[in-house]
$ cat run26.tsv   # TSV, C-alpha atoms
chain	number	residue	atom	x	y	z
A	13	MET	CA	-26.39	-11.86	17.71
A	14	GLN	CA	-25.90	-13.69	20.99
A	15	PHE	CA	-22.53	-15.34	21.56
A	16	SER	CA	-21.62	-17.72	24.34
A	17	SER	CA	-17.94	-16.75	24.09
A	18	THR	CA	-16.45	-13.25	24.34
A	19	LEU	CA	-13.35	-14.40	22.45
A	20	LEU	CA	-15.57	-15.35	19.53
A	21	GLU	CA	-17.63	-12.18	19.84
A	22	ASN	CA	-14.52	-9.96	19.80
A	23	ALA	CA	-13.10	-11.69	16.74
A	24	VAL	CA	-16.43	-11.34	14.90
A	25	SER	CA	-16.75	-7.66	15.72
A	26	GLU	CA	-13.18	-6.98	14.56
A	27	PHE	CA	-13.88	-8.66	11.21
A	28	ALA	CA	-17.18	-6.81	10.90
A	29	LYS	CA	-15.25	-3.50	10.97
A	30	LEU	CA	-13.75	-4.29	7.56
A	31	PRO	CA	-15.47	-2.61	4.59
A	32	GLY	CA	-18.21	-4.68	2.97
A	33	ILE	CA	-18.18	-7.33	5.71
A	34	GLY	CA	-21.30	-7.62	7.86
A	35	LYS	CA	-21.87	-9.56	11.08
A	36	LYS	CA	-22.97	-12.76	9.34
A	37	THR	CA	-20.01	-12.85	6.95
A	38	ALA	CA	-17.69	-12.01	9.84
A	39	LEU	CA	-19.05	-14.98	11.79
A	40	ARG	CA	-18.57	-17.26	8.79
A	41	LEU	CA	-14.94	-16.13	8.41
A	42	VAL	CA	-14.19	-16.52	12.13
A	43	LEU	CA	-15.73	-20.00	12.28
A	44	HIS	CA	-13.63	-20.90	9.24
A	45	LEU	CA	-10.47	-19.73	11.03
A	46	LEU	CA	-11.53	-21.66	14.13
A	47	LYS	CA	-11.46	-24.85	12.05
A	48	GLN	CA	-7.96	-24.17	10.69
A	49	GLU	CA	-4.70	-25.34	12.27
A	50	GLN	CA	-3.54	-23.14	15.13
A	51	GLY	CA	-0.26	-22.45	13.32
A	52	ASP	CA	-2.05	-21.19	10.21
A	53	VAL	CA	-4.12	-18.71	12.21
A	54	THR	CA	-1.06	-17.51	14.11
A	55	LYS	CA	0.68	-16.97	10.77
A	56	PHE	CA	-2.32	-15.07	9.43
A	57	SER	CA	-2.33	-12.78	12.45
A	58	GLU	CA	1.44	-12.23	12.35
A	59	VAL	CA	1.47	-11.44	8.63
A	60	LEU	CA	-1.22	-8.79	9.22
A	61	ALA	CA	0.58	-7.16	12.14
A	62	ARG	CA	3.93	-7.21	10.32
A	63	MET	CA	2.38	-5.75	7.18
A	64	ARG	CA	1.03	-2.75	9.09
A	65	THR	CA	4.16	-2.22	11.20
A	66	GLU	CA	6.90	-2.82	8.66
A	67	ILE	CA	5.48	-1.66	5.35
A	68	ARG	CA	7.00	1.62	4.19
A	69	PHE	CA	6.27	4.06	1.43
A	70	CYS	CA	8.92	4.61	-1.23
A	71	GLN	CA	10.63	7.94	-0.57
A	72	ARG	CA	10.79	8.61	-4.28
A	73	CYS	CA	7.42	7.53	-5.71
A	74	TYR	CA	5.28	6.91	-2.56
A	75	ASN	CA	4.40	3.38	-3.68
A	76	VAL	CA	4.31	0.68	-0.98
A	77	ALA	CA	7.77	-0.74	-0.37
A	78	ASP	CA	9.68	-3.13	1.85
A	79	ALA	CA	12.64	-0.71	1.99
A	80	ASP	CA	13.22	3.05	1.67
A	81	ILE	CA	13.05	2.80	-2.11
A	82	CYS	CA	10.50	0.48	-3.76
A	83	SER	CA	11.44	-2.41	-6.02
A	84	ILE	CA	10.24	-0.55	-9.12
A	85	CYS	CA	12.33	2.58	-8.47
A	86	SER	CA	15.43	0.55	-7.61
A	87	ASN	CA	15.14	-1.58	-10.75
A	88	SER	CA	17.85	-0.33	-13.13
A	89	MET	CA	16.18	-2.05	-16.11
A	90	ARG	CA	13.28	0.40	-15.90
A	91	LYS	CA	13.28	3.76	-17.64
A	92	GLN	CA	13.79	6.15	-14.74
A	93	GLU	CA	13.18	9.17	-16.99
A	94	MET	CA	9.55	8.13	-17.62
A	95	ILE	CA	7.07	8.75	-14.80
A	96	CYS	CA	3.49	7.48	-14.76
A	97	VAL	CA	1.39	9.57	-12.35
A	98	VAL	CA	-1.39	7.57	-10.63
A	99	GLU	CA	-3.91	8.19	-7.88
A	100	ASN	CA	-3.20	5.23	-5.59
A	101	ILE	CA	-1.36	1.96	-5.06
A	102	ARG	CA	-4.19	-0.03	-6.60
A	103	ASP	CA	-3.61	1.75	-9.92
A	104	VAL	CA	0.09	0.80	-9.81
A	105	ILE	CA	-0.91	-2.84	-9.34
A	106	ALA	CA	-3.41	-2.59	-12.24
A	107	ILE	CA	-0.84	-1.09	-14.64
A	108	GLU	CA	1.90	-3.50	-13.52
A	109	SER	CA	-0.44	-6.40	-14.25
A	110	THR	CA	-0.58	-5.37	-17.94
A	111	GLN	CA	3.24	-5.88	-18.14
A	112	GLN	CA	3.29	-3.17	-20.81
A	113	PHE	CA	4.87	-0.29	-18.91
A	114	ASN	CA	8.58	-0.12	-18.27
A	115	GLY	CA	8.97	3.27	-16.57
A	116	THR	CA	8.51	4.35	-12.96
A	117	TYR	CA	5.48	5.62	-11.04
A	118	HIS	CA	4.46	8.48	-8.84
A	119	VAL	CA	1.57	7.82	-6.43
A	120	LEU	CA	-0.32	11.06	-5.69
A	121	GLY	CA	-2.34	9.60	-2.80
A	122	GLY	CA	-5.59	10.99	-4.25
A	123	VAL	CA	-6.74	13.76	-6.58
A	124	ILE	CA	-7.55	17.41	-5.92
A	125	SER	CA	-11.15	17.52	-4.71
A	126	PRO	CA	-12.18	20.68	-2.81
A	127	LEU	CA	-15.58	19.14	-1.94
A	128	ASP	CA	-13.84	16.33	-0.02
A	129	GLY	CA	-11.37	18.78	1.51
A	130	VAL	CA	-8.44	17.44	-0.54
A	131	GLY	CA	-6.15	20.24	-1.72
A	132	PRO	CA	-2.76	20.01	-3.49
A	133	ASP	CA	-0.96	20.05	-0.13
A	134	GLN	CA	-2.51	16.74	0.94
A	135	LEU	CA	-1.08	15.04	-2.14
A	136	THR	CA	2.51	14.26	-3.10
A	137	ILE	CA	2.57	16.92	-5.84
A	138	GLU	CA	5.52	18.78	-4.25
A	139	GLY	CA	7.54	15.56	-4.36
A	140	LEU	CA	6.64	15.03	-8.02
A	141	LEU	CA	7.71	18.56	-9.01
A	142	ASN	CA	11.04	18.14	-7.18
A	143	ARG	CA	11.55	14.78	-8.87
A	144	VAL	CA	10.91	16.15	-12.36
A	145	GLU	CA	13.37	19.00	-11.76
A	146	LYS	CA	16.13	16.89	-10.20
A	147	GLU	CA	15.93	13.74	-12.32
A	148	GLN	CA	15.74	15.22	-15.82
A	149	THR	CA	12.48	13.44	-16.48
A	150	GLU	CA	11.64	13.11	-20.17
A	151	GLU	CA	7.99	12.11	-20.05
A	152	LEU	CA	5.14	12.44	-17.56
A	153	ILE	CA	2.18	10.15	-18.27
A	154	PHE	CA	-1.00	10.94	-16.37
A	155	ALA	CA	-3.03	7.77	-15.69
A	156	LEU	CA	-5.81	9.32	-13.59
A	157	ASN	CA	-9.51	8.46	-13.67
A	158	PRO	CA	-11.39	10.64	-16.22
A	159	THR	CA	-13.33	12.68	-13.65
A	160	ILE	CA	-13.45	16.43	-13.04
A	161	GLN	CA	-11.16	15.91	-10.05
A	162	GLY	CA	-8.68	13.94	-12.15
A	163	ASP	CA	-8.67	16.58	-14.89
A	164	THR	CA	-8.26	19.39	-12.31
A	165	THR	CA	-5.26	17.60	-10.87
A	166	ILE	CA	-3.66	17.22	-14.31
A	167	TYR	CA	-4.29	20.91	-15.03
A	168	TYR	CA	-2.85	22.00	-11.66
A	169	ILE	CA	0.34	19.93	-12.00
A	170	GLN	CA	0.85	20.99	-15.62
A	171	LYS	CA	0.65	24.68	-14.65
A	172	LYS	CA	3.26	24.17	-11.91
A	173	LEU	CA	5.78	22.53	-14.23
A	174	LYS	CA	8.48	24.77	-15.67
A	175	PRO	CA	8.32	24.92	-19.48
A	176	GLY	CA	11.07	22.85	-21.03
A	177	SER	CA	11.64	19.70	-23.04
A	178	LEU	CA	9.32	17.59	-20.78
A	179	ARG	CA	6.70	15.62	-22.68
A	180	ILE	CA	3.32	15.48	-20.89
A	181	THR	CA	0.73	12.89	-21.95
A	182	THR	CA	-2.36	11.14	-20.61
A	183	ILE	CA	-3.49	7.60	-21.27
A	184	ALA	CA	-5.91	7.22	-24.21
A	185	ARG	CA	-9.64	7.57	-23.66
A	186	GLY	CA	-11.96	5.76	-26.05
A	187	ILE	CA	-14.21	2.79	-26.57
A	188	ALA	CA	-12.99	-0.16	-24.49
A	189	PHE	CA	-12.21	-3.48	-26.16
A	190	GLY	CA	-15.37	-5.53	-25.78
A	191	GLY	CA	-17.43	-2.35	-25.42
A	192	GLU	CA	-20.29	-1.59	-27.79
A	193	LEU	CA	-20.61	1.72	-29.63
A	194	GLU	CA	-24.35	1.77	-29.07
A	195	TYR	CA	-23.97	1.87	-25.29
A	196	ALA	CA	-20.95	4.19	-25.08
A	197	ASP	CA	-21.61	7.64	-23.61
A	198	GLU	CA	-21.52	10.60	-25.99
A	199	MET	CA	-18.41	12.15	-24.45
A	200	THR	CA	-16.33	9.01	-24.87
A	201	LEU	CA	-17.59	8.43	-28.41
A	202	ALA	CA	-16.96	12.07	-29.41
A	203	ARG	CA	-13.41	11.97	-27.98
A	204	SER	CA	-12.65	8.66	-29.63
A	205	LEU	CA	-13.61	10.21	-32.98
A	206	GLN	CA	-11.46	13.28	-32.37
A	207	ASN	CA	-8.45	11.17	-31.36
A	208	ARG	CA	-8.82	8.62	-34.16
A	209	LEU	CA	-5.78	6.55	-35.06
A	210	PRO	CA	-4.38	5.47	-38.42
A	211	VAL	CA	-5.49	1.88	-39.05
A	212	GLU	CA	-1.89	0.67	-39.57
A	213	SER	CA	-0.90	1.53	-35.98
A	214	TYR	CA	-4.13	-0.02	-34.66
A	215	VAL	CA	-3.54	-3.30	-36.46
A	216	ALA	CA	0.12	-3.37	-35.42
A	217	ASN	CA	-0.81	-3.05	-31.75
A	218	ARG	CA	-3.42	-5.78	-31.58
B	8	MET	CA	-1.36	-9.39	-9.68
B	9	GLN	CA	2.04	-7.76	-9.42
B	10	PHE	CA	3.02	-6.30	-6.05
B	11	SER	CA	6.00	-4.11	-5.32
B	12	SER	CA	6.04	-5.26	-1.68
B	13	THR	CA	6.25	-8.82	-0.36
B	14	LEU	CA	4.70	-7.73	2.96
B	15	LEU	CA	1.63	-6.53	1.06
B	16	GLU	CA	1.59	-9.60	-1.15
B	17	ASN	CA	1.71	-11.97	1.84
B	18	ALA	CA	-1.10	-10.17	3.62
B	19	VAL	CA	-3.25	-10.26	0.47
B	20	SER	CA	-2.65	-13.95	-0.09
B	21	GLU	CA	-3.52	-14.76	3.54
B	22	PHE	CA	-6.82	-12.89	3.24
B	23	ALA	CA	-7.54	-14.55	-0.10
B	24	LYS	CA	-7.45	-17.95	1.65
B	25	LEU	CA	-10.67	-17.09	3.50
B	26	PRO	CA	-13.87	-18.53	1.99
B	27	GLY	CA	-15.64	-16.23	-0.47
B	28	ILE	CA	-12.77	-13.74	-0.58
B	29	GLY	CA	-10.90	-13.39	-3.87
B	30	LYS	CA	-7.66	-11.59	-4.67
B	31	LYS	CA	-9.32	-8.25	-5.44
B	32	THR	CA	-11.42	-8.19	-2.26
B	33	ALA	CA	-8.37	-9.28	-0.26
B	34	LEU	CA	-6.40	-6.34	-1.68
B	35	ARG	CA	-9.22	-3.95	-0.78
B	36	LEU	CA	-9.30	-5.24	2.81
B	37	VAL	CA	-5.52	-5.08	3.20
B	38	LEU	CA	-5.34	-1.53	1.82
B	39	HIS	CA	-8.12	-0.59	4.25
B	40	LEU	CA	-6.11	-2.01	7.16
B	41	LEU	CA	-3.02	-0.19	5.89
B	42	LYS	CA	-4.90	3.10	6.33
B	43	GLN	CA	-5.96	2.31	9.90
B	44	GLU	CA	-4.04	3.23	13.05
B	45	GLN	CA	-1.21	0.84	13.82
B	46	GLY	CA	-2.75	0.06	17.23
B	47	ASP	CA	-6.07	-0.96	15.68
B	48	VAL	CA	-4.40	-3.42	13.30
B	49	THR	CA	-2.28	-4.86	16.11
B	50	LYS	CA	-5.47	-5.33	18.15
B	51	PHE	CA	-7.18	-7.03	15.18
B	52	SER	CA	-4.29	-9.44	14.78
B	53	GLU	CA	-4.07	-10.16	18.51
B	54	VAL	CA	-7.81	-10.80	18.85
B	55	LEU	CA	-7.59	-13.32	16.00
B	56	ALA	CA	-4.61	-15.17	17.43
B	57	ARG	CA	-6.12	-15.23	20.95
B	58	MET	CA	-9.46	-16.44	19.62
B	59	ARG	CA	-7.84	-19.46	17.96
B	60	THR	CA	-5.47	-20.25	20.85
B	61	GLU	CA	-7.71	-19.66	23.86
B	62	ILE	CA	-11.18	-20.60	22.69
B	63	ARG	CA	-12.35	-23.89	24.12
B	64	PHE	CA	-15.26	-26.18	23.52
B	65	CYS	CA	-17.70	-26.75	26.37
B	66	GLN	CA	-17.03	-30.22	27.85
B	67	ARG	CA	-20.74	-30.72	28.31
B	68	CYS	CA	-22.43	-29.40	25.15
B	69	TYR	CA	-19.47	-28.79	22.76
B	70	ASN	CA	-20.49	-25.17	22.18
B	71	VAL	CA	-17.68	-22.57	21.99
B	72	ALA	CA	-16.71	-21.38	25.44
B	73	ASP	CA	-14.20	-19.21	27.27
B	74	ALA	CA	-13.90	-21.79	30.06
B	75	ASP	CA	-14.34	-25.57	30.47
B	76	ILE	CA	-18.10	-25.15	30.67
B	77	CYS	CA	-19.87	-22.62	28.41
B	78	SER	CA	-21.91	-19.71	29.73
B	79	ILE	CA	-25.20	-21.36	28.71
B	80	CYS	CA	-24.48	-24.64	30.57
B	81	SER	CA	-23.24	-22.82	33.66
B	82	ASN	CA	-26.30	-20.55	33.81
B	83	SER	CA	-28.48	-21.86	36.66
B	84	MET	CA	-31.50	-19.91	35.36
B	85	ARG	CA	-31.68	-22.22	32.33
B	86	LYS	CA	-33.58	-25.49	32.30
B	87	GLN	CA	-30.75	-28.01	32.42
B	88	GLU	CA	-33.18	-30.91	31.86
B	89	MET	CA	-34.11	-29.66	28.38
B	90	ILE	CA	-31.55	-30.22	25.59
B	91	CYS	CA	-31.78	-28.75	22.11
B	92	VAL	CA	-29.67	-30.82	19.69
B	93	VAL	CA	-28.13	-28.74	16.87
B	94	GLU	CA	-25.66	-29.32	14.06
B	95	ASN	CA	-23.20	-26.52	14.73
B	96	ILE	CA	-22.34	-23.37	16.67
B	97	ARG	CA	-24.05	-21.15	14.11
B	98	ASP	CA	-27.37	-22.83	14.91
B	99	VAL	CA	-26.87	-22.11	18.62
B	100	ILE	CA	-26.34	-18.42	17.79
B	101	ALA	CA	-29.45	-18.41	15.56
B	102	ILE	CA	-31.67	-19.96	18.26
B	103	GLU	CA	-30.20	-17.77	21.00
B	104	SER	CA	-31.02	-14.70	18.90
B	105	THR	CA	-34.74	-15.57	19.06
B	106	GLN	CA	-34.54	-15.28	22.88
B	107	GLN	CA	-37.32	-17.88	23.06
B	108	PHE	CA	-35.41	-20.91	24.29
B	109	ASN	CA	-34.45	-21.32	27.91
B	110	GLY	CA	-32.90	-24.79	27.95
B	111	THR	CA	-29.39	-25.99	27.10
B	112	TYR	CA	-27.82	-27.16	23.84
B	113	HIS	CA	-25.86	-30.05	22.47
B	114	VAL	CA	-23.69	-29.33	19.40
B	115	LEU	CA	-23.27	-32.47	17.28
B	116	GLY	CA	-20.54	-31.02	15.07
B	117	GLY	CA	-22.34	-32.16	11.90
B	118	VAL	CA	-24.87	-34.76	10.83
B	119	ILE	CA	-24.47	-38.39	9.77
B	120	SER	CA	-23.58	-38.35	6.07
B	121	PRO	CA	-21.95	-41.51	4.68
B	122	LEU	CA	-21.35	-39.82	1.31
B	123	ASP	CA	-19.14	-37.20	2.99
B	124	GLY	CA	-17.50	-39.82	5.19
B	125	VAL	CA	-19.20	-38.59	8.36
B	126	GLY	CA	-20.27	-41.46	10.61
B	127	PRO	CA	-21.73	-41.35	14.14
B	128	ASP	CA	-18.22	-41.62	15.62
B	129	GLN	CA	-17.14	-38.29	14.16
B	130	LEU	CA	-20.00	-36.55	15.96
B	131	THR	CA	-20.58	-35.94	19.66
B	132	ILE	CA	-23.44	-38.48	19.84
B	133	GLU	CA	-21.66	-40.55	22.51
B	134	GLY	CA	-21.45	-37.47	24.71
B	135	LEU	CA	-25.13	-36.74	24.19
B	136	LEU	CA	-26.18	-40.28	25.17
B	137	ASN	CA	-24.03	-40.12	28.32
B	138	ARG	CA	-25.52	-36.73	29.18
B	139	VAL	CA	-29.10	-37.92	28.78
B	140	GLU	CA	-28.41	-40.92	31.02
B	141	LYS	CA	-26.52	-39.03	33.73
B	142	GLU	CA	-28.51	-35.81	33.92
B	143	GLN	CA	-32.08	-37.13	34.01
B	144	THR	CA	-32.92	-35.14	30.89
B	145	GLU	CA	-36.66	-34.62	30.42
B	146	GLU	CA	-36.84	-33.42	26.84
B	147	LEU	CA	-34.63	-33.68	23.77
B	148	ILE	CA	-35.52	-31.20	21.00
B	149	PHE	CA	-33.95	-31.88	17.61
B	150	ALA	CA	-33.31	-28.64	15.69
B	151	LEU	CA	-31.57	-30.11	12.66
B	152	ASN	CA	-31.94	-29.05	9.03
B	153	PRO	CA	-34.75	-30.99	7.30
B	154	THR	CA	-32.48	-33.02	5.02
B	155	ILE	CA	-32.05	-36.77	4.61
B	156	GLN	CA	-28.83	-36.50	6.65
B	157	GLY	CA	-30.62	-34.61	9.43
B	158	ASP	CA	-33.45	-37.13	9.55
B	159	THR	CA	-30.99	-40.04	9.55
B	160	THR	CA	-29.19	-38.49	12.51
B	161	ILE	CA	-32.44	-38.08	14.44
B	162	TYR	CA	-33.40	-41.69	13.68
B	163	TYR	CA	-29.95	-43.00	14.74
B	164	ILE	CA	-29.90	-41.12	18.04
B	165	GLN	CA	-33.51	-42.04	18.82
B	166	LYS	CA	-32.70	-45.75	18.34
B	167	LYS	CA	-29.72	-45.50	20.69
B	168	LEU	CA	-31.72	-43.92	23.52
B	169	LYS	CA	-33.03	-46.25	26.21
B	170	PRO	CA	-36.82	-46.26	26.39
B	171	GLY	CA	-38.02	-44.25	29.38
B	172	SER	CA	-39.81	-41.07	30.31
B	173	LEU	CA	-37.69	-38.95	27.93
B	174	ARG	CA	-39.75	-36.75	25.60
B	175	ILE	CA	-38.24	-36.48	22.10
B	176	THR	CA	-39.43	-33.69	19.77
B	177	THR	CA	-38.30	-31.84	16.66
B	178	ILE	CA	-38.91	-28.20	15.79
B	179	ALA	CA	-42.03	-27.58	13.68
B	180	ARG	CA	-41.84	-27.76	9.89
B	181	GLY	CA	-44.35	-25.73	7.93
B	182	ILE	CA	-44.95	-22.62	5.89
B	183	ALA	CA	-42.65	-19.82	7.06
B	184	PHE	CA	-44.10	-16.50	8.18
B	185	GLY	CA	-43.95	-14.29	5.11
B	186	GLY	CA	-43.89	-17.37	2.88
B	187	GLU	CA	-46.53	-17.88	0.21
B	188	LEU	CA	-48.54	-21.09	-0.09
B	189	GLU	CA	-48.33	-20.95	-3.87
B	190	TYR	CA	-44.54	-21.21	-3.86
B	191	ALA	CA	-44.15	-23.72	-1.01
B	192	ASP	CA	-42.90	-27.17	-2.00
B	193	GLU	CA	-45.39	-30.04	-1.84
B	194	MET	CA	-43.63	-31.83	1.01
B	195	THR	CA	-43.73	-28.79	3.31
B	196	LEU	CA	-47.33	-28.02	2.41
B	197	ALA	CA	-48.42	-31.65	2.93
B	198	ARG	CA	-46.67	-31.82	6.32
B	199	SER	CA	-48.11	-28.49	7.43
B	200	LEU	CA	-51.59	-29.86	6.70
B	201	GLN	CA	-50.90	-33.07	8.63
B	202	ASN	CA	-49.55	-31.18	11.62
B	203	ARG	CA	-52.25	-28.52	11.64
B	204	LEU	CA	-52.80	-26.59	14.88
B	205	PRO	CA	-55.98	-25.49	16.62
B	206	VAL	CA	-56.56	-21.82	15.79
B	207	GLU	CA	-56.68	-20.84	19.47
B	208	SER	CA	-53.06	-21.87	20.07
B	209	TYR	CA	-51.94	-20.18	16.83
B	210	VAL	CA	-53.59	-16.88	17.76
B	211	ALA	CA	-52.22	-17.06	21.31
B	212	ASN	CA	-48.65	-17.43	20.05
B	213	ARG	CA	-48.65	-14.58	17.58

$ encode --input "run26.tsv" --output "C-alpha cells"
Amino acid sequence: MQFSSTLLENAVSEFAKLPGIGKKTALRLVLHLLKQEQGDVTKFSEVLARMRTEIRFCQRCYNVADADICSICSNSMRKQEMICVVENIRDVIAIESTQQFNGTYHVLGGVISPLDGVGPDQLTIEGLLNRVEKEQTEELIFALNPTIQGDTTIYYIQKKLKPGSLRITTIARGIAFGGELEYADEMTLARSLQNRLPVESYVANR
Amino acid sequence: MQFSSTLLENAVSEFAKLPGIGKKTALRLVLHLLKQEQGDVTKFSEVLARMRTEIRFCQRCYNVADADICSICSNSMRKQEMICVVENIRDVIAIESTQQFNGTYHVLGGVISPLDGVGPDQLTIEGLLNRVEKEQTEELIFALNPTIQGDTTIYYIQKKLKPGSLRITTIARGIAFGGELEYADEMTLARSLQNRLPVESYVANR
C-alpha cells in the first residue's frame, strides 16, 4: 500500500501487528479513529499505555489486578478455601461470567507441554503448592482444557500435593447442552456414560 | 463479561468501540498487548495519539498529509494539470497502489446523497472548482463508485464547471479481469458492449 502520510502509515503498521488484523483492516480502523474527536483518540491511547504500565498480577493467584492482591482474592465473601485452577486469565473471565463459582482462582499461566518447551518451572505451580500448604485449602478444582497437556498438568500437580484431607476434583466432561449425541466424539460419549448422574440431581440443577 | 481489573476492562471497552471489533476480539487484542514489551505498547499508544493530533489534510487536494501540502501535490514529477476526483482517502491509496497514475488527486470527502443528508456544501466541491479555474487544469478524471450518488456528484460538478478546453472523463466501467460474462449484471454488460475497444489497443495494454 502507498501512503501519502508517514503518520498514517505508522499507525496502520502498528495496528497490523495485532493478531488477526491485516493491512486493510488496520487502515479501516485507523481511518475510523481519524474521524473521531481528538479527545477520544487521546483517551484510547492513554488507556492502552496505562493498562500495560500499571496492570499487575495478583501475588496470590496470578490473575490480573489493579493492586497487589486481585479483587477476587481480597473479597471476604468468597470461599478462600476453594481454589479453581485455570490455564489463563481468559478462563477466569469465562468462569466469572457464569456467576456460579464463589471460590478463588489460581492462574497457572499455561499447561505443561514439553513440545512447546513449557515445563513446570515456567508455570505458577510452586505458588499453588505453597498456597495449598499455607492456607488450609479444602478443595482444588481443576478447570483445564481436556487435552493431553491439561491432563499431564493435573497429574503432575496431584503427585506433588502432600496426602491429606484436600479434595481434588475436575470440572465435568460430557455432552454439552445444545450438543447432539450423534455428533459427539466417542471419548466424550463414553465418559459421559461412565460418569452418569442420578436424574433427580440433573432435574434439580436445570 | 466480568473483569477483576478496571484497567483491563477499560482497555477492552475502548477496543470494542472500533468498527467490527466485539468484546471477545477486544479482549484477545488487549491480552496480546499485555504480553508485549512495555516499550512496544507505549510506542503503539504514542503513534496513535500523534497520528490523530498531527495529521493534517492537504490544503489543495484534501488528502491526508504530514504538512500543509501532501507529498503527491508537492511532487514536481507529477502532472499537476491532471486531477483524479475520488470519494475518500482509501480510494487514493487504492489508485496509488496500481502505480499507473501520475497526476494529482482531489478528495471530495463523500458523494452527494440527499438521503444521508450530504449536500454539495459538505463536500470539497468548492475547492475543486477553484482549483480547476486557478491551475489551468487540463483533465478531470472522475473515479467515483458507480452508484446513483456517484453519478449525481459527477453530473453536479460537471454542470458547475465553466465550458472551456477542460477534458472531463470517468474511469472505464466493464467486465473485470477474472470476471465471468455469465455472472455480470446486465447494466455492466450492456455498457461494456457500448464502450467496446478496438482489439489493437486492448492487446497493447495487457

$ interface_residues --input "run26.tsv" --of "chain A" --to "chain B" --cutoff "8 Å" --atoms "only C-alpha atoms" --output "PyMOL selection string"
chain A and resi 13-20+22-23+26-27+30-31+41+44-46+50+53-54+56-67+75-78+82-84+105-106+108-109

$ closest_residue --input "run26.tsv" --among "B:Gln87, B:Glu94, B:Lys167, B:Ala23" --to "Thr131 (chain B)" --atoms "all atoms listed in the file"
B:Glu94

$ residues_near_point --input "run26.tsv" --point "(-39.0, -41.6, 24.9)" --cutoff "12 Å" --atoms "all atoms listed in the file" --output "PyMOL selection string"
chain B and resi 139+144-148+164-176

$ write_last_selection --input "run26.tsv" --atoms "C-alpha atoms" --output "PDB file, keeping the file's coordinate frame"
ATOM      1  CA  VAL B 139     -29.100 -37.920  28.780  1.00  0.00           C
ATOM      2  CA  THR B 144     -32.920 -35.140  30.890  1.00  0.00           C
ATOM      3  CA  GLU B 145     -36.660 -34.620  30.420  1.00  0.00           C
ATOM      4  CA  GLU B 146     -36.840 -33.420  26.840  1.00  0.00           C
ATOM      5  CA  LEU B 147     -34.630 -33.680  23.770  1.00  0.00           C
ATOM      6  CA  ILE B 148     -35.520 -31.200  21.000  1.00  0.00           C
ATOM      7  CA  ILE B 164     -29.900 -41.120  18.040  1.00  0.00           C
ATOM      8  CA  GLN B 165     -33.510 -42.040  18.820  1.00  0.00           C
ATOM      9  CA  LYS B 166     -32.700 -45.750  18.340  1.00  0.00           C
ATOM     10  CA  LYS B 167     -29.720 -45.500  20.690  1.00  0.00           C
ATOM     11  CA  LEU B 168     -31.720 -43.920  23.520  1.00  0.00           C
ATOM     12  CA  LYS B 169     -33.030 -46.250  26.210  1.00  0.00           C
ATOM     13  CA  PRO B 170     -36.820 -46.260  26.390  1.00  0.00           C
ATOM     14  CA  GLY B 171     -38.020 -44.250  29.380  1.00  0.00           C
ATOM     15  CA  SER B 172     -39.810 -41.070  30.310  1.00  0.00           C
ATOM     16  CA  LEU B 173     -37.690 -38.950  27.930  1.00  0.00           C
ATOM     17  CA  ARG B 174     -39.750 -36.750  25.600  1.00  0.00           C
ATOM     18  CA  ILE B 175     -38.240 -36.480  22.100  1.00  0.00           C
ATOM     19  CA  THR B 176     -39.430 -33.690  19.770  1.00  0.00           C
TER      20      THR B 176
END

$ atom_distance --input "run26.tsv" --atom1 "CA of Leu156 (chain A)" --atom2 "CA of Phe113 (chain A)"
15.3 Å

$ residues_around --input "run26.tsv" --residues "Asn95 (chain B)" --least-positions-apart "3" --cutoff "9 Å" --atoms "all atoms listed in the file" --output "ChimeraX atom specification"
/B:70,98-99,113-117

$ residues_around --input "run26.tsv" --residues "region 200-209 of chain B" --least-positions-apart "2" --cutoff "12 Å" --atoms "all atoms listed in the file" --output "ChimeraX atom specification"
/B:178-182,188,193-198,211-213

$ closest_residue --input "run26.tsv" --among "A:Thr182, A:Asn142, A:Ser125, A:Ser204" --to "Arg72 (chain A)" --atoms "all atoms listed in the file"
A:Asn142

$ closest_residue --input "run26.tsv" --among "A:Gly191, A:Cys96, A:Gly115, A:Val215" --to "Phe154 (chain A)" --atoms "only C-alpha atoms"
A:Cys96

$ axis_aligned_box --input "run26.tsv" --around "region 149-164 of chain B" --padding-each-side "6 Å" --output "JSON"
{"center_x": -31.8, "center_y": -35.8, "center_z": 11.3, "size_x": 17.9, "size_y": 26.4, "size_z": 25.4}

$ atom_distance --input "run26.tsv" --atom1 "CA of Ser83 (chain B)" --atom2 "CA of Tyr112 (chain B)"
13.9 Å

$ atom_distance --input "run26.tsv" --atom1 "CA of Tyr74 (chain A)" --atom2 "CA of Val123 (chain A)"
14.4 Å
